[in-house]
Every structure is written in C-alpha cells, then in structure tokens.
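Data from protein24.pdb: PDB, C-alpha atoms and all ligand atoms
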ATOM      1  CA  MET A 110     -12.369 -28.864   5.941
ATOM      2  CA  SER A 111      -9.518 -29.479   3.520
ATOM      3  CA  ALA A 112      -7.035 -26.819   2.380
ATOM      4  CA  PHE A 113      -7.921 -24.286  -0.311
ATOM      5  CA  THR A 114      -6.420 -21.217  -1.992
ATOM      6  CA  LEU A 115      -7.825 -17.745  -2.726
ATOM      7  CA  ARG A 116      -6.516 -15.039  -5.029
ATOM      8  CA  ALA A 117      -5.907 -11.511  -3.777
ATOM      9  CA  HIS A 118      -5.925  -9.085  -6.694
ATOM     10  CA  ALA A 119      -3.992  -5.816  -7.005
ATOM     11  CA  LYS A 120      -5.922  -2.614  -7.720
ATOM     12  CA  ILE A 121      -5.249   0.687  -9.405
ATOM     13  CA  ASN A 122      -6.978   4.054  -9.091
ATOM     14  CA  LEU A 123      -8.024   5.428 -12.479
ATOM     15  CA  THR A 124      -9.021   8.563 -10.586
ATOM     16  CA  LEU A 125      -8.446   9.595  -6.980
ATOM     17  CA  GLU A 126     -10.107  12.849  -5.952
ATOM     18  CA  THR A 127      -9.901  14.141  -2.385
ATOM     19  CA  LEU A 128     -12.962  16.253  -1.671
ATOM     20  CA  GLY A 129     -12.195  17.389   1.859
ATOM     21  CA  MET A 130     -11.424  16.370   5.408
ATOM     22  CA  ARG A 131     -13.995  14.314   7.312
ATOM     23  CA  PRO A 132     -14.782  14.647  11.026
ATOM     24  CA  ASP A 133     -13.103  11.250  11.611
ATOM     25  CA  GLY A 134      -9.758  12.559  10.294
ATOM     26  CA  TYR A 135      -9.900  10.662   6.986
ATOM     27  CA  HIS A 136     -10.382  12.291   3.593
ATOM     28  CA  GLU A 137     -13.623  12.142   1.661
ATOM     29  CA  LEU A 138     -12.789  10.436  -1.635
ATOM     30  CA  ARG A 139     -14.125   9.815  -5.107
ATOM     31  CA  SER A 140     -12.139   7.170  -6.882
ATOM     32  CA  LEU A 141     -12.617   4.913  -9.866
ATOM     33  CA  MET A 142     -10.865   1.741  -8.769
ATOM     34  CA  ALA A 143     -10.171  -1.351 -10.847
ATOM     35  CA  LYS A 144      -8.825  -4.789  -9.992
ATOM     36  CA  LEU A 145      -5.984  -6.299 -11.993
ATOM     37  CA  ALA A 146      -5.128  -9.824 -13.059
ATOM     38  CA  LEU A 147      -1.897  -9.454 -11.026
ATOM     39  CA  HIS A 148      -2.530 -11.222  -7.709
ATOM     40  CA  ASP A 149      -1.104 -12.771  -4.562
ATOM     41  CA  THR A 150      -2.356 -16.179  -3.426
ATOM     42  CA  LEU A 151      -3.266 -17.110   0.121
ATOM     43  CA  ARG A 152      -3.544 -20.784   1.054
ATOM     44  CA  PHE A 153      -5.621 -21.840   4.068
ATOM     45  CA  SER A 154      -5.159 -25.138   5.915
ATOM     46  CA  PRO A 155      -6.876 -26.299   9.088
ATOM     47  CA  ALA A 156      -4.924 -26.267  12.352
ATOM     48  CA  PRO A 157      -5.830 -27.025  15.993
ATOM     49  CA  ALA A 158      -7.359 -24.244  18.118
ATOM     50  CA  GLY A 159      -4.775 -21.758  19.356
ATOM     51  CA  GLN A 160      -2.398 -22.441  16.437
ATOM     52  CA  LEU A 161      -2.484 -19.568  14.005
ATOM     53  CA  SER A 162       0.442 -19.194  11.612
ATOM     54  CA  LEU A 163       1.357 -17.259   8.499
ATOM     55  CA  ALA A 164       4.309 -18.126   6.264
ATOM     56  CA  CYS A 165       5.578 -15.922   3.449
ATOM     57  CA  ALA A 166       8.943 -15.865   1.714
ATOM     58  CA  ALA A 167       8.692 -12.236   0.493
ATOM     59  CA  PRO A 168      11.577 -10.163   1.844
ATOM     60  CA  GLY A 169      10.542  -7.079   3.790
ATOM     61  CA  LEU A 170       7.087  -8.282   4.782
ATOM     62  CA  SER A 171       6.508  -8.310   8.523
ATOM     63  CA  LEU A 172       4.994 -11.578   9.774
ATOM     64  CA  GLY A 173       4.263 -10.068  13.184
ATOM     65  CA  GLU A 174       0.947  -8.978  14.600
ATOM     66  CA  ASP A 175       1.088  -5.794  12.472
ATOM     67  CA  ASN A 176       0.649  -7.945   9.349
ATOM     68  CA  LEU A 177      -2.794  -7.272   7.861
ATOM     69  CA  VAL A 178      -3.514 -10.992   7.274
ATOM     70  CA  LEU A 179      -2.906 -11.740  10.950
ATOM     71  CA  LYS A 180      -4.908  -8.670  11.980
ATOM     72  CA  ALA A 181      -7.810  -9.970   9.867
ATOM     73  CA  ALA A 182      -7.481 -13.367  11.548
ATOM     74  CA  ARG A 183      -7.505 -11.765  15.018
ATOM     75  CA  LEU A 184     -10.681  -9.819  14.175
ATOM     76  CA  LEU A 185     -12.399 -13.042  13.097
ATOM     77  CA  GLN A 186     -11.211 -14.924  16.182
ATOM     78  CA  ALA A 187     -12.691 -12.109  18.293
ATOM     79  CA  ALA A 188     -15.953 -12.271  16.311
ATOM     80  CA  ALA A 189     -16.060 -16.051  16.846
ATOM     81  CA  GLY A 190     -15.179 -15.658  20.538
ATOM     82  CA  ARG A 191     -12.659 -18.529  20.204
ATOM     83  CA  PRO A 192      -8.921 -18.707  19.319
ATOM     84  CA  LEU A 193      -9.550 -20.814  16.202
ATOM     85  CA  GLY A 194      -6.493 -22.195  14.420
ATOM     86  CA  ALA A 195      -5.280 -22.014  10.820
ATOM     87  CA  ARG A 196      -2.137 -22.368   8.763
ATOM     88  CA  MET A 197      -1.764 -19.744   6.056
ATOM     89  CA  LEU A 198       0.765 -19.512   3.248
ATOM     90  CA  LEU A 199       1.054 -16.253   1.326
ATOM     91  CA  ILE A 200       2.669 -16.123  -2.119
ATOM     92  CA  LYS A 201       3.402 -12.458  -2.878
ATOM     93  CA  ARG A 202       3.534 -11.145  -6.418
ATOM     94  CA  ILE A 203       2.123  -7.664  -5.770
ATOM     95  CA  PRO A 204       4.966  -5.382  -4.613
ATOM     96  CA  LEU A 205       4.805  -4.072  -1.028
ATOM     97  CA  ALA A 206       3.928  -0.455  -0.176
ATOM     98  CA  ALA A 207       3.312   0.260  -3.838
ATOM     99  CA  GLY A 208      -0.112   1.950  -4.064
ATOM    100  CA  LEU A 209      -1.552  -1.303  -5.477
ATOM    101  CA  ALA A 210      -3.423  -2.380  -2.305
ATOM    102  CA  GLY A 211      -1.458  -5.613  -2.027
ATOM    103  CA  GLY A 212      -1.707  -5.742   1.774
ATOM    104  CA  SER A 213      -5.394  -4.769   1.649
ATOM    105  CA  ALA A 214      -6.110  -7.516  -0.911
ATOM    106  CA  ASP A 215      -4.371 -10.093   1.296
ATOM    107  CA  ALA A 216      -6.396  -8.899   4.312
ATOM    108  CA  ALA A 217      -9.651  -9.185   2.353
ATOM    109  CA  ALA A 218      -8.711 -12.709   1.219
ATOM    110  CA  ALA A 219      -7.953 -13.607   4.847
ATOM    111  CA  LEU A 220     -11.428 -12.440   5.955
ATOM    112  CA  LEU A 221     -13.118 -14.472   3.200
ATOM    113  CA  GLY A 222     -10.895 -17.521   3.592
ATOM    114  CA  LEU A 223     -11.045 -17.798   7.371
ATOM    115  CA  ASN A 224     -14.793 -17.132   7.409
ATOM    116  CA  ARG A 225     -15.016 -20.218   5.173
ATOM    117  CA  LEU A 226     -12.369 -22.361   6.907
ATOM    118  CA  TRP A 227     -13.872 -21.697  10.331
ATOM    119  CA  ARG A 228     -17.493 -21.948   9.068
ATOM    120  CA  LEU A 229     -18.337 -18.675  10.819
ATOM    121  CA  ARG A 230     -21.028 -17.682   8.310
ATOM    122  CA  LEU A 231     -20.493 -13.980   8.988
ATOM    123  CA  SER A 232     -22.714 -11.962   6.662
ATOM    124  CA  PRO A 233     -21.227  -9.850   3.840
ATOM    125  CA  ARG A 234     -22.286  -6.777   5.820
ATOM    126  CA  ARG A 235     -20.413  -7.930   8.929
ATOM    127  CA  LEU A 236     -17.339  -8.771   6.840
ATOM    128  CA  ARG A 237     -17.459  -5.319   5.197
ATOM    129  CA  ALA A 238     -17.462  -3.666   8.638
ATOM    130  CA  LEU A 239     -14.427  -5.726   9.701
ATOM    131  CA  ALA A 240     -12.735  -4.923   6.366
ATOM    132  CA  LEU A 241     -13.025  -1.178   6.963
ATOM    133  CA  ARG A 242     -11.400  -1.588  10.381
ATOM    134  CA  LEU A 243      -8.378  -3.062   8.582
ATOM    135  CA  GLY A 244      -8.037  -0.223   6.055
ATOM    136  CA  SER A 245      -9.890   2.052   3.663
ATOM    137  CA  ASP A 246      -9.118  -0.094   0.566
ATOM    138  CA  VAL A 247     -10.044  -3.431   2.155
ATOM    139  CA  PRO A 248     -13.847  -3.207   1.489
ATOM    140  CA  PHE A 249     -13.155  -2.740  -2.248
ATOM    141  CA  CYS A 250     -10.782  -5.711  -2.203
ATOM    142  CA  LEU A 251     -13.391  -7.801  -0.368
ATOM    143  CA  ASP A 252     -16.137  -7.018  -2.872
ATOM    144  CA  PRO A 253     -16.366  -9.421  -5.827
ATOM    145  CA  CYS A 254     -16.681  -6.548  -8.357
ATOM    146  CA  PRO A 255     -13.947  -6.049 -10.974
ATOM    147  CA  ALA A 256     -14.211  -2.244 -10.651
ATOM    148  CA  ALA A 257     -16.164   0.368  -8.688
ATOM    149  CA  VAL A 258     -16.571   4.041  -7.968
ATOM    150  CA  ALA A 259     -15.634   4.442  -4.314
ATOM    151  CA  ARG A 260     -16.860   7.220  -2.030
ATOM    152  CA  GLY A 261     -16.542   7.987   1.679
ATOM    153  CA  ARG A 262     -13.205   6.730   2.991
ATOM    154  CA  GLY A 263     -13.229   4.378   0.003
ATOM    155  CA  GLU A 264     -15.794   1.912   1.359
ATOM    156  CA  ARG A 265     -19.014   3.156  -0.271
ATOM    157  CA  LEU A 266     -18.932   1.282  -3.545
ATOM    158  CA  ALA A 267     -20.953   1.632  -6.735
ATOM    159  CA  ARG A 268     -19.966  -1.410  -8.764
ATOM    160  CA  VAL A 269     -18.796  -1.029 -12.341
ATOM    161  CA  ALA A 270     -19.502  -4.078 -14.490
ATOM    162  CA  GLY A 271     -16.208  -4.218 -16.311
ATOM    163  CA  LEU A 272     -13.645  -2.145 -18.118
ATOM    164  CA  PRO A 273     -12.441  -2.327 -21.721
ATOM    165  CA  PRO A 274      -9.896  -5.059 -22.518
ATOM    166  CA  LEU A 275      -6.913  -2.734 -22.215
ATOM    167  CA  HIS A 276      -3.415  -3.785 -21.195
ATOM    168  CA  LEU A 277      -1.382  -2.183 -18.454
ATOM    169  CA  ALA A 278       2.276  -1.694 -17.783
ATOM    170  CA  LEU A 279       3.134  -1.291 -14.076
ATOM    171  CA  VAL A 280       6.391   0.232 -12.906
ATOM    172  CA  LYS A 281       7.316   0.674  -9.254
ATOM    173  CA  PRO A 282      10.587   2.470  -8.519
ATOM    174  CA  ASP A 283      12.596   1.151  -5.570
ATOM    175  CA  ILE A 284      11.216   3.593  -3.019
ATOM    176  CA  SER A 285       8.465   3.182  -0.422
ATOM    177  CA  VAL A 286       5.894   5.877   0.152
ATOM    178  CA  SER A 287       3.888   6.149   3.367
ATOM    179  CA  THR A 288       0.183   6.659   2.630
ATOM    180  CA  ALA A 289      -0.284   8.436   5.963
ATOM    181  CA  TRP A 290       2.545  10.864   5.095
ATOM    182  CA  VAL A 291       1.032  11.604   1.677
ATOM    183  CA  TYR A 292      -2.424  12.379   3.088
ATOM    184  CA  LYS A 293      -0.909  14.477   5.874
ATOM    185  CA  ASN A 294       0.932  16.640   3.364
ATOM    186  CA  LEU A 295      -1.968  17.025   0.969
ATOM    187  CA  LYS A 296      -3.053  20.613   0.354
ATOM    188  CA  LEU A 297      -6.780  20.390  -0.187
ATOM    189  CA  LYS A 298      -8.018  22.640  -2.940
ATOM    190  CA  ALA A 299     -11.218  24.482  -2.125
ATOM    191  CA  LEU A 300     -14.532  23.247  -3.537
ATOM    192  CA  VAL A 301     -13.472  20.075  -5.296
ATOM    193  CA  GLN A 302     -16.651  18.402  -6.530
ATOM    194  CA  GLY A 303     -15.249  15.043  -7.533
ATOM    195  CA  ALA A 304     -16.671  15.450 -11.029
ATOM    196  CA  HIS A 305     -13.665  13.936 -12.812
ATOM    197  CA  THR A 306     -14.439  10.416 -11.618
ATOM    198  CA  ALA A 307     -17.811  10.106 -13.402
ATOM    199  CA  LYS A 308     -16.320  11.705 -16.519
ATOM    200  CA  ALA A 309     -13.318   9.373 -16.502
ATOM    201  CA  LEU A 310     -15.640   6.364 -16.226
ATOM    202  CA  ALA A 311     -17.754   7.614 -19.152
ATOM    203  CA  ALA A 312     -14.581   8.265 -21.167
ATOM    204  CA  LEU A 313     -13.244   4.789 -20.501
ATOM    205  CA  ARG A 314     -16.551   3.157 -21.462
ATOM    206  CA  ALA A 315     -16.701   5.193 -24.670
ATOM    207  CA  GLY A 316     -13.059   4.447 -25.482
ATOM    208  CA  ASP A 317     -12.416   8.217 -25.515
ATOM    209  CA  LEU A 318      -8.809   8.300 -24.355
ATOM    210  CA  GLN A 319      -8.459  12.019 -24.966
ATOM    211  CA  ALA A 320     -11.196  12.578 -22.358
ATOM    212  CA  LEU A 321      -9.613   9.987 -20.059
ATOM    213  CA  ARG A 322      -6.337  11.933 -20.148
ATOM    214  CA  GLN A 323      -8.288  15.047 -19.129
ATOM    215  CA  HIS A 324     -10.273  13.450 -16.290
ATOM    216  CA  GLY A 325      -8.020  10.640 -15.069
ATOM    217  CA  ILE A 326      -6.424  12.531 -12.204
ATOM    218  CA  ASN A 327      -4.927  11.529  -8.883
ATOM    219  CA  HIS A 328      -4.734  14.337  -6.311
ATOM    220  CA  LEU A 329      -2.096  12.421  -4.355
ATOM    221  CA  GLU A 330       0.404  12.975  -7.205
ATOM    222  CA  SER A 331       0.648  16.597  -5.974
ATOM    223  CA  VAL A 332       2.363  15.306  -2.811
ATOM    224  CA  SER A 333       4.248  12.214  -4.030
ATOM    225  CA  ILE A 334       5.736  13.621  -7.261
ATOM    226  CA  PRO A 335       7.480  16.722  -5.803
ATOM    227  CA  ARG A 336       9.034  14.485  -3.114
ATOM    228  CA  TYR A 337       9.876  11.645  -5.557
ATOM    229  CA  PRO A 338      10.406  13.145  -9.046
ATOM    230  CA  VAL A 339      11.260   9.674 -10.366
ATOM    231  CA  ILE A 340       7.477   9.056 -10.520
ATOM    232  CA  ALA A 341       7.104  11.843 -13.118
ATOM    233  CA  ARG A 342      10.120  10.549 -15.057
ATOM    234  CA  ILE A 343       8.544   7.080 -15.281
ATOM    235  CA  LYS A 344       5.227   8.567 -16.487
ATOM    236  CA  LYS A 345       7.088  10.532 -19.159
ATOM    237  CA  LYS A 346       9.031   7.497 -20.326
ATOM    238  CA  LEU A 347       5.861   5.378 -20.589
ATOM    239  CA  ASN A 348       4.044   8.166 -22.464
ATOM    240  CA  GLN A 349       6.986   8.495 -24.880
ATOM    241  CA  ASN A 350       6.727   4.765 -25.521
ATOM    242  CA  GLY A 351       3.153   4.584 -26.680
ATOM    243  CA  ALA A 352       1.031   4.783 -23.502
ATOM    244  CA  LEU A 353      -2.532   5.971 -24.097
ATOM    245  CA  PHE A 354      -2.613   7.268 -20.545
ATOM    246  CA  SER A 355      -0.456   7.006 -17.434
ATOM    247  CA  LEU A 356      -0.988   7.849 -13.776
ATOM    248  CA  MET A 357       0.333   7.110 -10.313
ATOM    249  CA  SER A 358      -1.824   4.572  -8.427
ATOM    250  CA  GLY A 359      -3.037   5.370  -4.892
ATOM    251  CA  SER A 360      -0.394   7.193  -2.869
ATOM    252  CA  GLY A 361       2.280   5.709  -5.136
ATOM    253  CA  PRO A 362       4.946   5.144  -6.070
ATOM    254  CA  THR A 363       3.674   2.684  -8.729
ATOM    255  CA  VAL A 364       2.882   4.198 -12.117
ATOM    256  CA  TYR A 365       0.581   2.374 -14.515
ATOM    257  CA  ALA A 366       0.098   3.031 -18.212
ATOM    258  CA  LEU A 367      -2.662   1.837 -20.537
ATOM    259  CA  PHE A 368      -2.095   0.232 -23.942
ATOM    260  CA  THR A 369      -4.289  -1.370 -26.587
ATOM    261  CA  ARG A 370      -2.150  -4.490 -26.970
ATOM    262  CA  HIS A 371      -0.309  -6.808 -24.620
ATOM    263  CA  SER A 372       2.861  -6.559 -26.751
ATOM    264  CA  GLU A 373       2.878  -2.746 -26.408
ATOM    265  CA  ALA A 374       2.545  -2.915 -22.619
ATOM    266  CA  GLU A 375       5.280  -5.537 -22.470
ATOM    267  CA  ARG A 376       7.557  -3.463 -24.743
ATOM    268  CA  ALA A 377       7.051  -0.283 -22.694
ATOM    269  CA  THR A 378       8.304  -1.984 -19.516
ATOM    270  CA  LYS A 379      11.537  -2.854 -21.385
ATOM    271  CA  PHE A 380      12.301   0.851 -21.852
ATOM    272  CA  ILE A 381      12.544   1.227 -18.083
ATOM    273  CA  LYS A 382      16.107   0.084 -17.651
ATOM    274  CA  ASN A 383      16.533   0.114 -13.873
ATOM    275  CA  GLU A 384      16.859  -3.515 -12.748
ATOM    276  CA  ARG A 385      15.776  -2.741  -9.183
ATOM    277  CA  TYR A 386      12.339  -1.508 -10.255
ATOM    278  CA  PHE A 387       9.308  -3.794 -10.239
ATOM    279  CA  LYS A 388       7.935  -4.016 -13.786
ATOM    280  CA  CYS A 389       5.139  -6.119 -15.220
ATOM    281  CA  SER A 390       2.329  -6.101 -17.736
ATOM    282  CA  THR A 391      -1.178  -7.120 -16.725
ATOM    283  CA  GLN A 392      -4.868  -6.594 -17.540
ATOM    284  CA  PHE A 393      -8.048  -5.465 -15.848
ATOM    285  CA  LEU A 394      -9.789  -8.338 -14.110
TER
HETATM  286  O1  LIG A 401      -7.299   3.407   5.938
HETATM  287  P1  LIG A 401      -5.835   3.246   5.767
HETATM  288  O2  LIG A 401      -5.186   2.585   6.955
HETATM  289  O3  LIG A 401      -5.448   2.556   4.482
HETATM  290  O4  LIG A 401      -5.241   4.691   5.679
HETATM  291  C1  LIG A 401      -3.852   4.940   5.631
HETATM  292  C2  LIG A 401      -3.628   6.425   5.846
HETATM  293  O5  LIG A 401      -4.229   7.184   4.800
HETATM  294  C3  LIG A 401      -4.224   6.927   7.134
HETATM  295  O6  LIG A 401      -3.211   7.643   7.785
HETATM  296  C4  LIG A 401      -5.332   7.854   6.763
HETATM  297  O7  LIG A 401      -5.285   9.015   7.541
HETATM  298  C5  LIG A 401      -5.071   8.196   5.300
HETATM  299  N1  LIG A 401      -6.359   8.182   4.576
HETATM  300  C6  LIG A 401      -7.130   9.325   4.538
HETATM  301  N2  LIG A 401      -8.345   9.299   3.900
HETATM  302  C7  LIG A 401      -8.792   8.176   3.310
HETATM  303  C8  LIG A 401      -8.005   6.996   3.340
HETATM  304  C9  LIG A 401      -6.796   7.041   3.988
HETATM  305  O8  LIG A 401      -6.747  10.374   5.071
HETATM  306  N3  LIG A 401      -9.980   8.172   2.701
END
For this file, write the structure as structure tokens.
Amino acid sequence: MSAFTLRAHAKINLTLETLGMRPDGYHELRSLMAKLALHDTLRFSPAPAGQLSLACAAPGLSLGEDNLVLKAARLLQAAAGRPLGARMLLIKRIPLAAGLAGGSADAAAALLGLNRLWRLRLSPRRLRALALRLGSDVPFCLDPCPAAVARGRGERLARVAGLPPLHLALVKPDISVSTAWVYKNLKLKALVQGAHTAKALAALRAGDLQALRQHGINHLESVSIPRYPVIARIKKKLNQNGALFSLMSGSGPTVYALFTRHSEAERATKFIKNERYFKCSTQFL
C-alpha cells in the first residue's frame, strides 16, 4: 500500500458536566463536544515488519512509548499478533496539553490509519474499544461525527449532525494543566442532573445565544480557574471584544469564544497581546 495522510481534528467542549464518580474511578460525564477545522496531520508509509517509527518536529512532544500514537500502534500490533511496521510523520498544529484533545485526535487517526495500512479490517466496534483504552476522548475523535453529546466516561456518543456556521477564537496561555490533577481536585456538587447539555444544544440550534450563555457550562473551570486565574482574564478579554460566548475547553487551559464572523474572531485574538500564547481562529467542522 502506498503512503497516505489523515487529519486529526481538535475538539472543544461546549458543555462539560460531571455527574458523579463511577465505580471505575472515572467521572460520569455529559458533554456537548464539537470538532474544529484546526487539525494535525498524520502521514502513514509502509515499512518492513519490526520497524515502527514516529517523527514529529513539535517541541515538547515525547516520541517515546508514552506517546499516544505509538501506544495506538502497539495496541494494533497486539491485535494483529504481529510486530507490523510503519513510518509515521506527525505535523502538529493543535497545541499540546491544551484541553483540545490533540493527543487523543492523533491516537484516533493512528488507529484508523494503521488499521488501513496493515489491512487489519478491525470492526468499528473493536476500534472503539481500543480507543477507550487510550483515553476517554479518543472514541469521540475516532467517530466520523462533527459533534456529539457524550456520556459515560465520554465514550457513549449521540451524534449531532452539525452546528451553526459560527467562528471561534482559541487562546491558550503558556501553562500546562494536568487533566488528572483537575479531576482529582474537583468538588462534586450533589445531585447534578446534566440538564445543561441538552439545553445548550437546543440553544445553539435555535441560535439563542442568551440561553447558550446560561447553559454552556464547564464544571472543570471550578478547579482550573482558581489555580490559573489567567483563564478567567482571557475569557473576560474575549467577552469585552465581542464574543457571543466564551468558555474553557476540557480541563483547560485553552479558552474558546464564539463569533458570528471570521473577521471578529480574528480581531479578538489580536487583543490578546502575549506573544507566548497560542492564538488562532477556526470554525466548527
Ligand atoms: O481517560 P483519560 O486518560 O483522558 O483521563 C485523564 C484523567 O482524567 C484520568 O486521570 C481520569 O481519572 C480523569 N477522568 C475522569 N473522568 C472522565 C475522564 C477522565 O475522572 N470521564
């Protein structure tokens, strides 16, 4: 098989509600998740058995066995029962440890790409099970949907056909936030029903941004913002510069803001002066 390239799209959480602790130690979630045009690319080329390699020029990304792309490859080698070979080249555009599921998207692309390169013909169901072993966001990244309401750990997906053609500004301050640390420090409020997620979806579909501001909530902000107040300052700045709505994505620290026009999203990023921050404008997929 000749070489080919897959896209690995970033995601945001338009809501993230934590309903309680599960017996397996993870949190039960309700989250409206959406994929973005912003993406990494992963190129797959054939290589002899036993030769598995990953190249990536992004500073700070481990290329060791803890890398999620290599972990995905190892799971597929185990499923195949053979040390199949591949050469992979990752072009990173999604910032690392940002709350945008960049690593999860790369892992999902690796599962899809190597399943194809190695002609394993693993079923979607089998791939979904492997995806969940790699991380709670990986099943969403693996699914071809542009958006979904996620339940369970994040793997039970109800697909959402598409979101309005809004524009987003993304701003990631130059800090890294550990997802495990955020969940560990989360104070669960009693009797959370997860009702905001359905209401936020209805609000978005109806173009009711007032209602979206009311229901678009992320429980993880209650941990990340007190520890990193810069997240709240970025939200405020984006709101002062015309955002219809802004929220931290995932466990942070990236903040996204919604705008009607591309030019408004682009302009808002210019008001964030810090040169070390990641800033971009993008759209829903
Ligand atoms: O599944 P993943 O590896 O992405 O999870 C990262 C961290 O977030 C883990 O430490 C896990 O405990 C926490 N988490 C959680 N509940 C979820 C998803 C993740 O507690 N639904």
Contact residues around A:Gly361 with only C-alpha atoms at 9 Å, ignoring same-chain residues under 3 positions, as an NGL selection string: :A and (206-209 or 281 or 285-288 or 329-330 or 333-334 or 340 or 357-358 or 364)
Could the residues in this selection be saved with C-alpha atoms as a PDB file, keeping the file's coordinate frame?
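So the final result, stored in part_11.pdb, reads:
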ATOM      1  CA  ALA A 206       3.928  -0.455  -0.176  1.00  0.00           C
ATOM      2  CA  ALA A 207       3.312   0.260  -3.838  1.00  0.00           C
ATOM      3  CA  GLY A 208      -0.112   1.950  -4.064  1.00  0.00           C
ATOM      4  CA  LEU A 209      -1.552  -1.303  -5.477  1.00  0.00           C
ATOM      5  CA  LYS A 281       7.316   0.674  -9.254  1.00  0.00           C
ATOM      6  CA  SER A 285       8.465   3.182  -0.422  1.00  0.00           C
ATOM      7  CA  VAL A 286       5.894   5.877   0.152  1.00  0.00           C
ATOM      8  CA  SER A 287       3.888   6.149   3.367  1.00  0.00           C
ATOM      9  CA  THR A 288       0.183   6.659   2.630  1.00  0.00           C
ATOM     10  CA  LEU A 329      -2.096  12.421  -4.355  1.00  0.00           C
ATOM     11  CA  GLU A 330       0.404  12.975  -7.205  1.00  0.00           C
ATOM     12  CA  SER A 333       4.248  12.214  -4.030  1.00  0.00           C
ATOM     13  CA  ILE A 334       5.736  13.621  -7.261  1.00  0.00           C
ATOM     14  CA  ILE A 340       7.477   9.056 -10.520  1.00  0.00           C
ATOM     15  CA  MET A 357       0.333   7.110 -10.313  1.00  0.00           C
ATOM     16  CA  SER A 358      -1.824   4.572  -8.427  1.00  0.00           C
ATOM     17  CA  VAL A 364       2.882   4.198 -12.117  1.00  0.00           C
TER      18      VAL A 364
END
Counting all atoms listed in the file, what are the residues of stretch 185-259 of chain A within 8 Å of stretch 145-157 of chain A, and for each of them which pair of atoms is the nearest and at what distance in Å, to one decimal? Sort the table by chain and rising number, as a tab-separated table.
residue	atom	partner	partner_atom	distance
A:Leu193	CA	A:Pro157	CA	7.2
A:Gly194	CA	A:Ala156	CA	4.8
A:Ala195	CA	A:Ala156	CA	4.5
A:Arg196	CA	A:Ser154	CA	5.0
A:Met197	CA	A:Phe153	CA	4.8
A:Leu198	CA	A:Arg152	CA	5.0
A:Leu199	CA	A:Leu151	CA	4.6
A:Ile200	CA	A:Thr150	CA	5.2
A:Lys201	CA	A:Asp149	CA	4.8
A:Arg202	CA	A:Asp149	CA	5.3
A:Ile203	CA	A:Asp149	CA	6.2
A:Gly211	CA	A:Asp149	CA	7.6
A:Asp215	CA	A:Leu151	CA	7.2
A:Ala218	CA	A:Leu151	CA	7.1
A:Ala219	CA	A:Leu151	CA	7.5
A:Gly222	CA	A:Phe153	CA	6.8
A:Leu223	CA	A:Phe153	CA	7.5
A:Leu226	CA	A:Pro155	CA	7.1
Close residues to ligand LIG 401 (chain A) using only C-alpha atoms and all ligand atoms, limit 10 Å, as JSON, numbers by chain: {"A": [125, 126, 127, 128, 129, 130, 131, 133, 134, 135, 136, 137, 138, 139, 140, 210, 212, 213, 240, 241, 242, 243, 244, 245, 246, 247, 259, 260, 261, 262, 263, 264, 287, 288, 289, 290, 291, 292, 293, 295, 359, 360]}
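Near A:Val339, within a cut-off of 10 Å and counting all atoms listed in the file, sit the residues Lys281, Pro282, Asp283, Ile284, Ser333, Ile334, Pro335, Arg336, Arg342, Ile343, Lys344, Lys345 and Pro362 of chain A, with same-chain residues fewer than 3 positions away left out.
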Given the PyMOL selection byres (((chain A and resi 279) around 6) and not hetatm), the residues it picks as number ranges by chain: A: 278, 280, 364-365, 388-389
Atomic separation - atom CA of A:Leu277 relative to atom CA of A:Thr369, Å: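 Interatomic distance, atom CA of A:Thr369 to atom CA of A:Leu277: 8.7 Å.
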Nearest residue to A:Cys254 from the set A:Leu185, A:Ala366, A:Ala304, A:Met142 (distances using only C-alpha atoms): A:Met142
Nearest to A:Met110 by atom-to-atom distance, counting all atoms listed in the file, from A:Asp317, A:Ala216, A:Arg228, A:Ala188: A:Arg228
Selection result for the PyMOL selection byres (((chain A and resi 376) around 12) and not hetatm) on this file, as a PyMOL selection string: chain A and resi 276-279+346-347+349-352+366+368+370-375+377-382+388-390
Atom CA of A:Asn327 to atom CA of A:Ala181, straight-line distance in Å: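 About the pair atom CA of A:Ala181 and atom CA of A:Asn327: they are 28.7 Å apart.
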Sphere at (-15.1, 10.7, -16.1), radius 12 Å, counting only C-alpha atoms: residues as a PyMOL selection string: chain A and resi 123-126+139-141+258+303-326
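Distance annotation: of A:Asn294, A:Gln186, A:Asn224, A:Asn176, the residue with the minimal separation from A:Gln160 is A:Gln186; atom set is all atoms listed in the file.
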For stretch 121-132 of chain A, supply N, CA and C atoms and report the output as a short mmCIF file (atom, residue, chain, number, x, y, z; two decimals), in the coordinates of the input.
data_model
loop_
_atom_site.label_atom_id
_atom_site.label_comp_id
_atom_site.auth_asym_id
_atom_site.auth_seq_id
_atom_site.Cartn_x
_atom_site.Cartn_y
_atom_site.Cartn_z
N ILE A 121 -5.77 -0.65 -9.09
CA ILE A 121 -5.25 0.69 -9.40
C ILE A 121 -6.38 1.69 -9.24
N ASN A 122 -6.01 2.95 -9.11
CA ASN A 122 -6.98 4.05 -9.09
C ASN A 122 -6.89 4.75 -10.44
N LEU A 123 -7.99 4.70 -11.20
CA LEU A 123 -8.02 5.43 -12.48
C LEU A 123 -8.30 6.90 -12.24
N THR A 124 -8.96 7.20 -11.11
CA THR A 124 -9.02 8.56 -10.59
C THR A 124 -8.88 8.45 -9.08
N LEU A 125 -8.42 9.52 -8.44
CA LEU A 125 -8.45 9.60 -6.98
C LEU A 125 -8.59 11.08 -6.65
N GLU A 126 -9.81 11.45 -6.28
CA GLU A 126 -10.11 12.85 -5.95
C GLU A 126 -10.36 12.95 -4.46
N THR A 127 -9.69 13.91 -3.82
CA THR A 127 -9.90 14.14 -2.38
C THR A 127 -10.79 15.38 -2.26
N LEU A 128 -11.97 15.17 -1.70
CA LEU A 128 -12.96 16.25 -1.67
C LEU A 128 -12.86 17.13 -0.43
N GLY A 129 -12.29 16.60 0.63
CA GLY A 129 -12.20 17.39 1.86
C GLY A 129 -11.90 16.49 3.03
N MET A 130 -11.73 17.11 4.19
CA MET A 130 -11.42 16.37 5.41
C MET A 130 -12.72 16.00 6.10
N ARG A 131 -12.80 14.78 6.61
CA ARG A 131 -14.00 14.31 7.31
C ARG A 131 -13.82 14.51 8.82
N PRO A 132 -14.91 14.49 9.56
CA PRO A 132 -14.78 14.65 11.03
C PRO A 132 -13.94 13.54 11.66
#
